[in-house]
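Trainee: What follows is final05.csv, made up of CSV, N, CA and C atoms:
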```
chain,number,residue,atom,x,y,z
A,1,GLN,N,11.6,0.6,-16.2
A,1,GLN,CA,11.8,0.7,-14.8
A,1,GLN,C,10.8,1.7,-14.2
A,2,VAL,N,10.5,1.4,-13.0
A,2,VAL,CA,9.6,2.3,-12.2
A,2,VAL,C,10.2,2.5,-10.8
A,3,GLN,N,10.3,3.7,-10.4
A,3,GLN,CA,10.7,4.0,-9.0
A,3,GLN,C,9.4,4.3,-8.3
A,4,LEU,N,9.3,3.8,-7.1
A,4,LEU,CA,8.2,4.0,-6.2
A,4,LEU,C,8.7,4.6,-4.9
A,5,VAL,N,8.1,5.7,-4.4
A,5,VAL,CA,8.4,6.3,-3.2
A,5,VAL,C,7.2,6.4,-2.3
A,6,GLU,N,7.3,5.7,-1.2
A,6,GLU,CA,6.2,5.8,-0.2
A,6,GLU,C,6.4,6.9,0.8
A,7,SER,N,5.3,7.5,1.3
A,7,SER,CA,5.3,8.5,2.4
A,7,SER,C,4.1,8.4,3.2
A,8,GLY,N,4.1,9.1,4.3
A,8,GLY,CA,2.9,9.2,5.1
A,8,GLY,C,2.9,8.3,6.4
A,9,GLY,N,3.9,7.5,6.5
A,9,GLY,CA,3.9,6.7,7.7
A,9,GLY,C,4.2,7.5,9.0
A,10,GLY,N,4.1,6.8,10.1
A,10,GLY,CA,4.5,7.5,11.4
A,10,GLY,C,3.9,6.8,12.5
A,11,LEU,N,3.8,7.5,13.7
A,11,LEU,CA,3.3,6.9,14.9
A,11,LEU,C,1.9,7.4,15.1
A,12,VAL,N,1.0,6.5,15.4
A,12,VAL,CA,-0.4,6.9,15.6
A,12,VAL,C,-1.0,6.1,16.8
A,13,HIS,N,-1.9,6.7,17.5
A,13,HIS,CA,-2.6,6.0,18.6
A,13,HIS,C,-3.6,5.0,18.1
A,14,PRO,N,-3.9,3.9,18.8
A,14,PRO,CA,-4.9,3.0,18.4
A,14,PRO,C,-6.2,3.8,18.2
A,15,GLY,N,-6.9,3.4,17.1
A,15,GLY,CA,-8.1,4.1,16.7
A,15,GLY,C,-7.9,5.3,15.8
A,16,GLY,N,-6.7,5.6,15.6
A,16,GLY,CA,-6.4,6.8,14.7
A,16,GLY,C,-6.3,6.4,13.3
A,17,SER,N,-6.0,7.4,12.5
A,17,SER,CA,-6.0,7.3,11.0
A,17,SER,C,-4.6,7.8,10.4
A,18,LEU,N,-4.3,7.2,9.3
A,18,LEU,CA,-3.2,7.6,8.5
A,18,LEU,C,-3.5,7.4,7.0
A,19,THR,N,-2.9,8.2,6.2
A,19,THR,CA,-3.0,8.0,4.7
A,19,THR,C,-1.6,7.9,4.2
A,20,LEU,N,-1.3,6.7,3.6
A,20,LEU,CA,-0.1,6.5,2.9
A,20,LEU,C,-0.2,6.9,1.4
A,21,SER,N,0.9,7.4,0.9
A,21,SER,CA,1.0,7.8,-0.5
A,21,SER,C,2.2,7.1,-1.2
A,22,CYS,N,2.0,6.8,-2.4
A,22,CYS,CA,3.0,6.2,-3.2
A,22,CYS,C,3.1,6.9,-4.5
A,23,ALA,N,4.3,7.5,-4.8
A,23,ALA,CA,4.5,8.3,-6.0
A,23,ALA,C,5.3,7.4,-7.0
A,24,ALA,N,4.8,7.3,-8.2
A,24,ALA,CA,5.5,6.5,-9.2
A,24,ALA,C,6.3,7.4,-10.1
A,25,SER,N,7.4,6.9,-10.6
A,25,SER,CA,8.2,7.7,-11.5
A,25,SER,C,7.7,7.8,-12.9
A,26,ARG,N,6.8,7.0,-13.3
A,26,ARG,CA,6.2,7.1,-14.6
A,26,ARG,C,4.7,6.7,-14.5
A,27,SER,N,4.1,6.8,-15.6
A,27,SER,CA,2.6,6.6,-15.7
A,27,SER,C,2.2,5.3,-15.1
A,28,ILE,N,1.2,5.3,-14.2
A,28,ILE,CA,0.6,4.1,-13.7
A,28,ILE,C,-0.6,3.7,-14.5
A,29,PHE,N,-0.9,4.4,-15.5
A,29,PHE,CA,-2.1,4.1,-16.3
A,29,PHE,C,-2.1,2.6,-16.8
A,30,GLY,N,-0.9,2.2,-17.2
A,30,GLY,CA,-0.7,0.8,-17.8
A,30,GLY,C,-0.4,-0.3,-16.8
A,31,ALA,N,-0.4,0.1,-15.5
A,31,ALA,CA,-0.1,-1.0,-14.5
A,31,ALA,C,-1.3,-2.0,-14.5
A,32,LYS,N,-0.9,-3.2,-14.5
A,32,LYS,CA,-1.9,-4.3,-14.4
A,32,LYS,C,-2.5,-4.2,-13.0
A,33,GLU,N,-1.7,-4.0,-12.0
A,33,GLU,CA,-2.2,-3.9,-10.6
A,33,GLU,C,-1.3,-3.1,-9.8
A,34,LEU,N,-1.8,-2.3,-8.8
A,34,LEU,CA,-1.1,-1.6,-7.8
A,34,LEU,C,-1.5,-2.1,-6.5
A,35,ALA,N,-0.6,-2.2,-5.6
A,35,ALA,CA,-0.9,-2.8,-4.3
A,35,ALA,C,-0.1,-2.2,-3.2
A,36,TRP,N,-0.6,-2.5,-2.0
A,36,TRP,CA,0.1,-2.2,-0.7
A,36,TRP,C,0.3,-3.5,0.0
A,37,TYR,N,1.6,-3.8,0.4
A,37,TYR,CA,1.9,-4.9,1.3
A,37,TYR,C,2.5,-4.4,2.6
A,38,ARG,N,2.5,-5.3,3.5
A,38,ARG,CA,3.2,-4.9,4.8
A,38,ARG,C,4.0,-6.1,5.4
A,39,GLN,N,4.9,-5.7,6.2
A,39,GLN,CA,5.8,-6.7,6.8
A,39,GLN,C,6.1,-6.3,8.2
A,40,SER,N,5.8,-7.2,9.2
A,40,SER,CA,6.2,-7.0,10.6
A,40,SER,C,7.4,-7.8,10.9
A,41,PRO,N,8.2,-7.5,11.9
A,41,PRO,CA,9.4,-8.3,12.3
A,41,PRO,C,9.0,-9.7,12.5
A,42,GLY,N,9.7,-10.6,11.9
A,42,GLY,CA,9.5,-12.1,12.1
A,42,GLY,C,8.4,-12.6,11.3
A,43,LYS,N,7.7,-11.8,10.5
A,43,LYS,CA,6.6,-12.3,9.7
A,43,LYS,C,6.9,-12.1,8.2
A,44,GLU,N,6.2,-12.9,7.4
A,44,GLU,CA,6.3,-12.7,6.0
A,44,GLU,C,5.5,-11.5,5.5
A,45,ARG,N,6.0,-11.0,4.3
A,45,ARG,CA,5.3,-9.8,3.7
A,45,ARG,C,3.9,-10.3,3.3
A,46,GLU,N,2.9,-9.5,3.6
A,46,GLU,CA,1.5,-9.9,3.3
A,46,GLU,C,0.8,-8.8,2.5
A,47,LEU,N,-0.1,-9.2,1.6
A,47,LEU,CA,-0.9,-8.3,0.9
A,47,LEU,C,-1.9,-7.6,1.8
A,48,VAL,N,-2.0,-6.3,1.7
A,48,VAL,CA,-2.9,-5.5,2.4
A,48,VAL,C,-4.1,-5.1,1.5
A,49,ALA,N,-3.8,-4.6,0.4
A,49,ALA,CA,-4.9,-4.1,-0.5
A,49,ALA,C,-4.3,-4.0,-1.9
A,50,ALA,N,-5.2,-4.2,-2.9
A,50,ALA,CA,-4.7,-4.1,-4.3
A,50,ALA,C,-5.8,-3.5,-5.1
A,51,ILE,N,-5.4,-2.8,-6.2
A,51,ILE,CA,-6.4,-2.2,-7.1
A,51,ILE,C,-5.9,-2.5,-8.6
A,52,SER,N,-6.9,-3.0,-9.4
A,52,SER,CA,-6.5,-3.4,-10.7
A,52,SER,C,-6.6,-2.2,-11.7
A,53,SER,N,-6.2,-2.4,-12.9
A,53,SER,CA,-6.2,-1.3,-13.9
A,53,SER,C,-7.7,-0.9,-14.1
A,54,GLY,N,-8.6,-1.8,-13.9
A,54,GLY,CA,-10.0,-1.5,-14.1
A,54,GLY,C,-10.7,-0.9,-12.9
A,55,GLY,N,-9.9,-0.8,-11.8
A,55,GLY,CA,-10.5,-0.2,-10.6
A,55,GLY,C,-11.0,-1.2,-9.5
A,56,SER,N,-11.0,-2.5,-9.9
A,56,SER,CA,-11.4,-3.5,-8.9
A,56,SER,C,-10.4,-3.5,-7.7
A,57,THR,N,-11.0,-3.7,-6.5
A,57,THR,CA,-10.1,-3.7,-5.3
A,57,THR,C,-10.2,-5.0,-4.6
A,58,ASN,N,-9.2,-5.3,-3.9
A,58,ASN,CA,-9.1,-6.5,-3.1
A,58,ASN,C,-8.4,-6.2,-1.8
A,59,TYR,N,-8.9,-6.7,-0.7
A,59,TYR,CA,-8.4,-6.4,0.7
A,59,TYR,C,-8.2,-7.7,1.5
A,60,ALA,N,-7.1,-7.6,2.3
A,60,ALA,CA,-7.0,-8.6,3.3
A,60,ALA,C,-8.1,-8.6,4.3
A,61,ASP,N,-8.5,-9.8,4.8
A,61,ASP,CA,-9.7,-9.8,5.7
A,61,ASP,C,-9.4,-8.9,6.9
A,62,SER,N,-8.2,-8.9,7.3
A,62,SER,CA,-7.9,-8.1,8.6
A,62,SER,C,-8.1,-6.6,8.4
A,63,VAL,N,-8.2,-6.1,7.2
A,63,VAL,CA,-8.3,-4.6,7.0
A,63,VAL,C,-9.6,-4.2,6.4
A,64,LYS,N,-10.4,-5.2,6.0
A,64,LYS,CA,-11.7,-4.9,5.3
A,64,LYS,C,-12.5,-4.0,6.2
A,65,GLY,N,-13.1,-3.0,5.5
A,65,GLY,CA,-13.9,-2.0,6.3
A,65,GLY,C,-13.1,-0.9,7.0
A,66,ARG,N,-11.8,-1.0,7.0
A,66,ARG,CA,-11.0,0.0,7.7
A,66,ARG,C,-10.1,0.7,6.8
A,67,PHE,N,-9.6,0.0,5.8
A,67,PHE,CA,-8.6,0.5,4.8
A,67,PHE,C,-9.2,0.7,3.5
A,68,THR,N,-8.8,1.7,2.7
A,68,THR,CA,-9.2,1.9,1.4
A,68,THR,C,-8.1,2.3,0.5
A,69,ILE,N,-7.9,1.5,-0.6
A,69,ILE,CA,-6.9,1.8,-1.6
A,69,ILE,C,-7.5,2.6,-2.8
A,70,SER,N,-6.7,3.5,-3.3
A,70,SER,CA,-7.2,4.3,-4.4
A,70,SER,C,-6.0,4.7,-5.3
A,71,ARG,N,-6.3,5.1,-6.5
A,71,ARG,CA,-5.2,5.5,-7.5
A,71,ARG,C,-5.7,6.7,-8.2
A,72,ASP,N,-4.7,7.6,-8.5
A,72,ASP,CA,-4.9,8.8,-9.3
A,72,ASP,C,-4.0,8.7,-10.5
A,73,ASN,N,-4.5,8.2,-11.6
A,73,ASN,CA,-3.7,8.0,-12.8
A,73,ASN,C,-3.1,9.3,-13.3
A,74,ALA,N,-3.8,10.4,-13.1
A,74,ALA,CA,-3.3,11.7,-13.6
A,74,ALA,C,-2.0,12.2,-12.8
A,75,LYS,N,-2.0,11.8,-11.6
A,75,LYS,CA,-0.8,12.2,-10.7
A,75,LYS,C,0.2,11.1,-10.5
A,76,ASN,N,-0.1,9.9,-11.1
A,76,ASN,CA,0.8,8.7,-10.9
A,76,ASN,C,1.0,8.4,-9.4
A,77,MET,N,-0.2,8.4,-8.7
A,77,MET,CA,-0.1,8.2,-7.2
A,77,MET,C,-1.1,7.1,-6.8
A,78,VAL,N,-0.7,6.4,-5.8
A,78,VAL,CA,-1.5,5.3,-5.2
A,78,VAL,C,-1.6,5.7,-3.7
A,79,TYR,N,-2.8,5.5,-3.1
A,79,TYR,CA,-3.0,5.9,-1.7
A,79,TYR,C,-3.6,4.7,-0.9
A,80,LEU,N,-3.3,4.7,0.4
A,80,LEU,CA,-3.9,3.8,1.3
A,80,LEU,C,-4.4,4.6,2.5
A,81,GLN,N,-5.7,4.7,2.5
A,81,GLN,CA,-6.4,5.4,3.7
A,81,GLN,C,-6.6,4.3,4.7
A,82,MET,N,-6.1,4.6,5.9
A,82,MET,CA,-6.1,3.6,7.0
A,82,MET,C,-6.9,4.2,8.2
A,83,ASN,N,-8.0,3.6,8.6
A,83,ASN,CA,-8.8,4.1,9.7
A,83,ASN,C,-8.9,3.1,10.8
A,84,SER,N,-9.3,3.5,11.9
A,84,SER,CA,-9.4,2.6,13.1
A,84,SER,C,-8.2,1.7,13.2
A,85,LEU,N,-7.1,2.3,13.3
A,85,LEU,CA,-5.8,1.5,13.3
A,85,LEU,C,-5.7,0.8,14.6
A,86,LYS,N,-5.0,-0.4,14.5
A,86,LYS,CA,-4.8,-1.3,15.7
A,86,LYS,C,-3.3,-1.5,15.8
A,87,PRO,N,-2.9,-1.9,17.0
A,87,PRO,CA,-1.5,-2.2,17.2
A,87,PRO,C,-1.0,-3.3,16.2
A,88,ASP,N,-1.9,-4.3,15.8
A,88,ASP,CA,-1.5,-5.3,14.9
A,88,ASP,C,-1.2,-4.8,13.5
A,89,ASP,N,-1.6,-3.5,13.2
A,89,ASP,CA,-1.3,-2.9,11.9
A,89,ASP,C,0.1,-2.4,11.8
A,90,THR,N,0.8,-2.4,13.0
A,90,THR,CA,2.2,-2.0,13.0
A,90,THR,C,3.1,-2.8,12.0
A,91,ALA,N,3.7,-2.1,11.1
A,91,ALA,CA,4.5,-2.8,10.1
A,91,ALA,C,5.2,-1.8,9.2
A,92,VAL,N,6.1,-2.3,8.3
A,92,VAL,CA,6.6,-1.5,7.2
A,92,VAL,C,5.7,-1.7,6.1
A,93,TYR,N,5.2,-0.7,5.5
A,93,TYR,CA,4.2,-0.8,4.4
A,93,TYR,C,4.9,-0.5,3.1
A,94,TYR,N,4.7,-1.4,2.1
A,94,TYR,CA,5.4,-1.3,0.8
A,94,TYR,C,4.4,-1.1,-0.3
A,95,CYS,N,4.7,-0.2,-1.3
A,95,CYS,CA,3.9,-0.1,-2.5
A,95,CYS,C,4.5,-1.0,-3.6
A,96,GLN,N,3.6,-1.6,-4.3
A,96,GLN,CA,4.0,-2.5,-5.4
A,96,GLN,C,3.3,-2.1,-6.7
A,97,PHE,N,4.1,-2.1,-7.8
A,97,PHE,CA,3.6,-1.8,-9.2
A,97,PHE,C,3.8,-3.1,-10.0
A,98,ARG,N,2.7,-3.6,-10.5
A,98,ARG,CA,2.8,-4.9,-11.3
A,98,ARG,C,2.4,-4.6,-12.7
A,99,SER,N,3.4,-4.7,-13.6
A,99,SER,CA,3.0,-4.6,-15.0
A,99,SER,C,2.8,-6.1,-15.5
A,100,PHE,N,2.7,-6.2,-16.8
A,100,PHE,CA,2.5,-7.5,-17.4
A,100,PHE,C,3.8,-8.3,-17.5
A,101,VAL,N,4.9,-7.6,-17.2
A,101,VAL,CA,6.2,-8.3,-17.4
A,101,VAL,C,7.1,-8.2,-16.2
A,102,ALA,N,6.8,-7.3,-15.2
A,102,ALA,CA,7.7,-7.1,-14.1
A,102,ALA,C,6.9,-6.6,-12.9
A,103,VAL,N,7.6,-6.7,-11.7
A,103,VAL,CA,7.1,-6.2,-10.5
A,103,VAL,C,8.1,-5.3,-9.8
A,104,TYR,N,7.6,-4.1,-9.4
A,104,TYR,CA,8.5,-3.1,-8.8
A,104,TYR,C,8.0,-2.8,-7.3
A,105,TRP,N,9.0,-2.5,-6.5
A,105,TRP,CA,8.7,-2.2,-5.1
A,105,TRP,C,9.3,-0.9,-4.6
A,106,GLY,N,8.6,-0.3,-3.7
A,106,GLY,CA,9.1,0.9,-3.1
A,106,GLY,C,10.0,0.5,-1.9
A,107,GLN,N,10.6,1.5,-1.2
A,107,GLN,CA,11.5,1.2,-0.1
A,107,GLN,C,10.8,1.0,1.2
A,108,GLY,N,9.5,1.3,1.3
A,108,GLY,CA,8.7,1.1,2.5
A,108,GLY,C,8.6,2.3,3.4
A,109,THR,N,7.6,2.3,4.1
A,109,THR,CA,7.4,3.4,5.1
A,109,THR,C,6.8,2.8,6.4
A,110,GLN,N,7.4,3.2,7.5
A,110,GLN,CA,7.0,2.5,8.8
A,110,GLN,C,5.7,3.1,9.4
A,111,VAL,N,4.8,2.2,9.8
A,111,VAL,CA,3.6,2.6,10.5
A,111,VAL,C,3.7,1.9,11.9
A,112,THR,N,3.6,2.7,12.9
A,112,THR,CA,3.6,2.2,14.3
A,112,THR,C,2.3,2.7,15.0
A,113,VAL,N,1.5,1.7,15.5
A,113,VAL,CA,0.3,2.0,16.2
A,113,VAL,C,0.5,1.6,17.6
A,114,SER,N,0.5,2.6,18.5
A,114,SER,CA,0.9,2.4,19.9
A,114,SER,C,0.3,3.5,20.7
A,115,SER,N,0.0,3.2,21.9
A,115,SER,CA,-0.5,4.2,22.9
A,115,SER,C,0.7,4.7,23.7
```
Turn this file's structure into structure tokens for me.
Mentor:
Amino acid sequence: QVQLVESGGGLVHPGGSLTLSCAASRSIFGAKELAWYRQSPGKERELVAAISSGGSTNYADSVKGRFTISRDNAKNMVYLQMNSLKPDDTAVYYCQFRSFVAVYWGQGTQVTVSS
């Protein structure tokens, strides 16, 4: 079992920045993949960014060049640096831990981009 706790969400103006953090209850060193997803009201949950065990990253087209995912294996942390935020980025952001046998989710953190 892995517990994931997200933090760092909040209200930000368009063009602003936020950094989301995800703390894992055990080592992330063996995770096949770590990822951030988001879900807006009335929409399906969508992949925002992912990072593999080898450090390869993958981003949704809508966030490429603005968001950066990173991981700190020593601290069991995953981060999402979000720059140039837009109102369309408003959503609940979820951290995901994917092992070779299971998938775990955090409870989510709200990000609201509004003037």
Trainee: With distances taken over only C-alpha atoms, which of A:Gln39, A:Ser7, A:Thr109, A:Ser62 is nearest to Ala23 (chain A)?
Mentor: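 So, comparing all the options, the nearest one is A:Ser7.
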Trainee: Which residue gives the smallest distance to Pro41 (chain A) among A:Gln96, A:Gln1, A:Ser25, A:Thr90, with only N, CA and C atoms counted?
Mentor: A:Thr90
Trainee: If you run DSSP over the backbone, which residues in region 18-95 of chain A end up strand (DSSP E)? Put them as a VMD selection string.
Mentor: chain A and resid 18 to 24 33 to 39 46 to 52 57 to 59 67 to 72 77 to 82 91 to 95
Trainee: Please list as a list of chain:residue names every residue within 10 Å of Arg38 (chain A), counting only C-alpha atoms and excluding residues in the same chain fewer than 4 positions away.
Mentor: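 Residues meeting the cut-off are A:Lys43, A:Glu44, A:Arg45, A:Glu46, A:Leu47, A:Val48, A:Ala49, A:Asp89, A:Thr90, A:Ala91, A:Val92, A:Tyr93, A:Tyr94, A:Cys95, A:Gly108, A:Thr109, A:Gln110, A:Val111.
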Trainee: Distance CA of Gly106 (chain A)-CA of Ala24 (chain A), one decimal place?
Mentor: 9.0 Å
Trainee: Excluding same-chain residues fewer than 2 positions from Gly30 (chain A), what lies within 7 Å of it counting all atoms listed in the file, as a list in words?
Mentor: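 Near Gly30 (chain A), the qualifying residues are Ser27, Ile28, Lys32, Glu33, Ser53, Arg98, Ser99 and Phe100 of chain A.
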Trainee: Compare A:Phe29, A:Ser114, A:Gly9, A:Ala74 by their minimum atom-to-atom distance to Gly55 (chain A), counting only C-alpha atoms, and give me the closest one.
Mentor: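 Among the listed residues, the smallest separation from Gly55 (chain A) belongs to A:Phe29.
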Trainee: Since the input is missing atoms, can you rebuild N, CA, C and O atoms for region 37-56 of chain A and write them as a PDB file, in the coordinates of the input?
Mentor:
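Contents of the output file selection04.pdb:
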```
ATOM      1  N   TYR A  37       1.600  -3.800   0.400  1.00  0.00           N
ATOM      2  CA  TYR A  37       1.900  -4.900   1.300  1.00  0.00           C
ATOM      3  C   TYR A  37       2.500  -4.400   2.600  1.00  0.00           C
ATOM      4  O   TYR A  37       2.826  -3.213   2.681  1.00  0.00           O
ATOM      5  N   ARG A  38       2.500  -5.300   3.500  1.00  0.00           N
ATOM      6  CA  ARG A  38       3.200  -4.900   4.800  1.00  0.00           C
ATOM      7  C   ARG A  38       4.000  -6.100   5.400  1.00  0.00           C
ATOM      8  O   ARG A  38       3.643  -7.220   5.075  1.00  0.00           O
ATOM      9  N   GLN A  39       4.900  -5.700   6.200  1.00  0.00           N
ATOM     10  CA  GLN A  39       5.800  -6.700   6.800  1.00  0.00           C
ATOM     11  C   GLN A  39       6.100  -6.300   8.200  1.00  0.00           C
ATOM     12  O   GLN A  39       6.671  -5.216   8.417  1.00  0.00           O
ATOM     13  N   SER A  40       5.800  -7.200   9.200  1.00  0.00           N
ATOM     14  CA  SER A  40       6.200  -7.000  10.600  1.00  0.00           C
ATOM     15  C   SER A  40       7.400  -7.800  10.900  1.00  0.00           C
ATOM     16  O   SER A  40       7.662  -8.838  10.212  1.00  0.00           O
ATOM     17  N   PRO A  41       8.200  -7.500  11.900  1.00  0.00           N
ATOM     18  CA  PRO A  41       9.400  -8.300  12.300  1.00  0.00           C
ATOM     19  C   PRO A  41       9.000  -9.700  12.500  1.00  0.00           C
ATOM     20  O   PRO A  41       8.040 -10.024  13.244  1.00  0.00           O
ATOM     21  N   GLY A  42       9.700 -10.600  11.900  1.00  0.00           N
ATOM     22  CA  GLY A  42       9.500 -12.100  12.100  1.00  0.00           C
ATOM     23  C   GLY A  42       8.400 -12.600  11.300  1.00  0.00           C
ATOM     24  O   GLY A  42       8.076 -13.828  11.388  1.00  0.00           O
ATOM     25  N   LYS A  43       7.700 -11.800  10.500  1.00  0.00           N
ATOM     26  CA  LYS A  43       6.600 -12.300   9.700  1.00  0.00           C
ATOM     27  C   LYS A  43       6.900 -12.100   8.200  1.00  0.00           C
ATOM     28  O   LYS A  43       7.697 -11.273   7.818  1.00  0.00           O
ATOM     29  N   GLU A  44       6.200 -12.900   7.400  1.00  0.00           N
ATOM     30  CA  GLU A  44       6.300 -12.700   6.000  1.00  0.00           C
ATOM     31  C   GLU A  44       5.500 -11.500   5.500  1.00  0.00           C
ATOM     32  O   GLU A  44       4.576 -11.032   6.103  1.00  0.00           O
ATOM     33  N   ARG A  45       6.000 -11.000   4.300  1.00  0.00           N
ATOM     34  CA  ARG A  45       5.300  -9.800   3.700  1.00  0.00           C
ATOM     35  C   ARG A  45       3.900 -10.300   3.300  1.00  0.00           C
ATOM     36  O   ARG A  45       3.764 -11.372   2.687  1.00  0.00           O
ATOM     37  N   GLU A  46       2.900  -9.500   3.600  1.00  0.00           N
ATOM     38  CA  GLU A  46       1.500  -9.900   3.300  1.00  0.00           C
ATOM     39  C   GLU A  46       0.800  -8.800   2.500  1.00  0.00           C
ATOM     40  O   GLU A  46       1.079  -7.601   2.668  1.00  0.00           O
ATOM     41  N   LEU A  47      -0.100  -9.200   1.600  1.00  0.00           N
ATOM     42  CA  LEU A  47      -0.900  -8.300   0.900  1.00  0.00           C
ATOM     43  C   LEU A  47      -1.900  -7.600   1.800  1.00  0.00           C
ATOM     44  O   LEU A  47      -2.594  -8.252   2.570  1.00  0.00           O
ATOM     45  N   VAL A  48      -2.000  -6.300   1.700  1.00  0.00           N
ATOM     46  CA  VAL A  48      -2.900  -5.500   2.400  1.00  0.00           C
ATOM     47  C   VAL A  48      -4.100  -5.100   1.500  1.00  0.00           C
ATOM     48  O   VAL A  48      -5.284  -5.360   1.881  1.00  0.00           O
ATOM     49  N   ALA A  49      -3.800  -4.600   0.400  1.00  0.00           N
ATOM     50  CA  ALA A  49      -4.900  -4.100  -0.500  1.00  0.00           C
ATOM     51  C   ALA A  49      -4.300  -4.000  -1.900  1.00  0.00           C
ATOM     52  O   ALA A  49      -3.111  -3.704  -2.101  1.00  0.00           O
ATOM     53  N   ALA A  50      -5.200  -4.200  -2.900  1.00  0.00           N
ATOM     54  CA  ALA A  50      -4.700  -4.100  -4.300  1.00  0.00           C
ATOM     55  C   ALA A  50      -5.800  -3.500  -5.100  1.00  0.00           C
ATOM     56  O   ALA A  50      -7.029  -3.609  -4.813  1.00  0.00           O
ATOM     57  N   ILE A  51      -5.400  -2.800  -6.200  1.00  0.00           N
ATOM     58  CA  ILE A  51      -6.400  -2.200  -7.100  1.00  0.00           C
ATOM     59  C   ILE A  51      -5.900  -2.500  -8.600  1.00  0.00           C
ATOM     60  O   ILE A  51      -4.781  -2.275  -8.919  1.00  0.00           O
ATOM     61  N   SER A  52      -6.900  -3.000  -9.400  1.00  0.00           N
ATOM     62  CA  SER A  52      -6.500  -3.400 -10.700  1.00  0.00           C
ATOM     63  C   SER A  52      -6.600  -2.200 -11.700  1.00  0.00           C
ATOM     64  O   SER A  52      -7.025  -1.072 -11.292  1.00  0.00           O
ATOM     65  N   SER A  53      -6.200  -2.400 -12.900  1.00  0.00           N
ATOM     66  CA  SER A  53      -6.200  -1.300 -13.900  1.00  0.00           C
ATOM     67  C   SER A  53      -7.700  -0.900 -14.100  1.00  0.00           C
ATOM     68  O   SER A  53      -7.928   0.283 -14.496  1.00  0.00           O
ATOM     69  N   GLY A  54      -8.600  -1.800 -13.900  1.00  0.00           N
ATOM     70  CA  GLY A  54     -10.000  -1.500 -14.100  1.00  0.00           C
ATOM     71  C   GLY A  54     -10.700  -0.900 -12.900  1.00  0.00           C
ATOM     72  O   GLY A  54     -11.863  -0.503 -12.913  1.00  0.00           O
ATOM     73  N   GLY A  55      -9.900  -0.800 -11.800  1.00  0.00           N
ATOM     74  CA  GLY A  55     -10.500  -0.200 -10.600  1.00  0.00           C
ATOM     75  C   GLY A  55     -11.000  -1.200  -9.500  1.00  0.00           C
ATOM     76  O   GLY A  55     -11.461  -0.770  -8.473  1.00  0.00           O
ATOM     77  N   SER A  56     -11.000  -2.500  -9.900  1.00  0.00           N
ATOM     78  CA  SER A  56     -11.400  -3.500  -8.900  1.00  0.00           C
ATOM     79  C   SER A  56     -10.400  -3.500  -7.700  1.00  0.00           C
ATOM     80  O   SER A  56      -9.228  -3.419  -7.925  1.00  0.00           O
TER      81      SER A  56
END
```
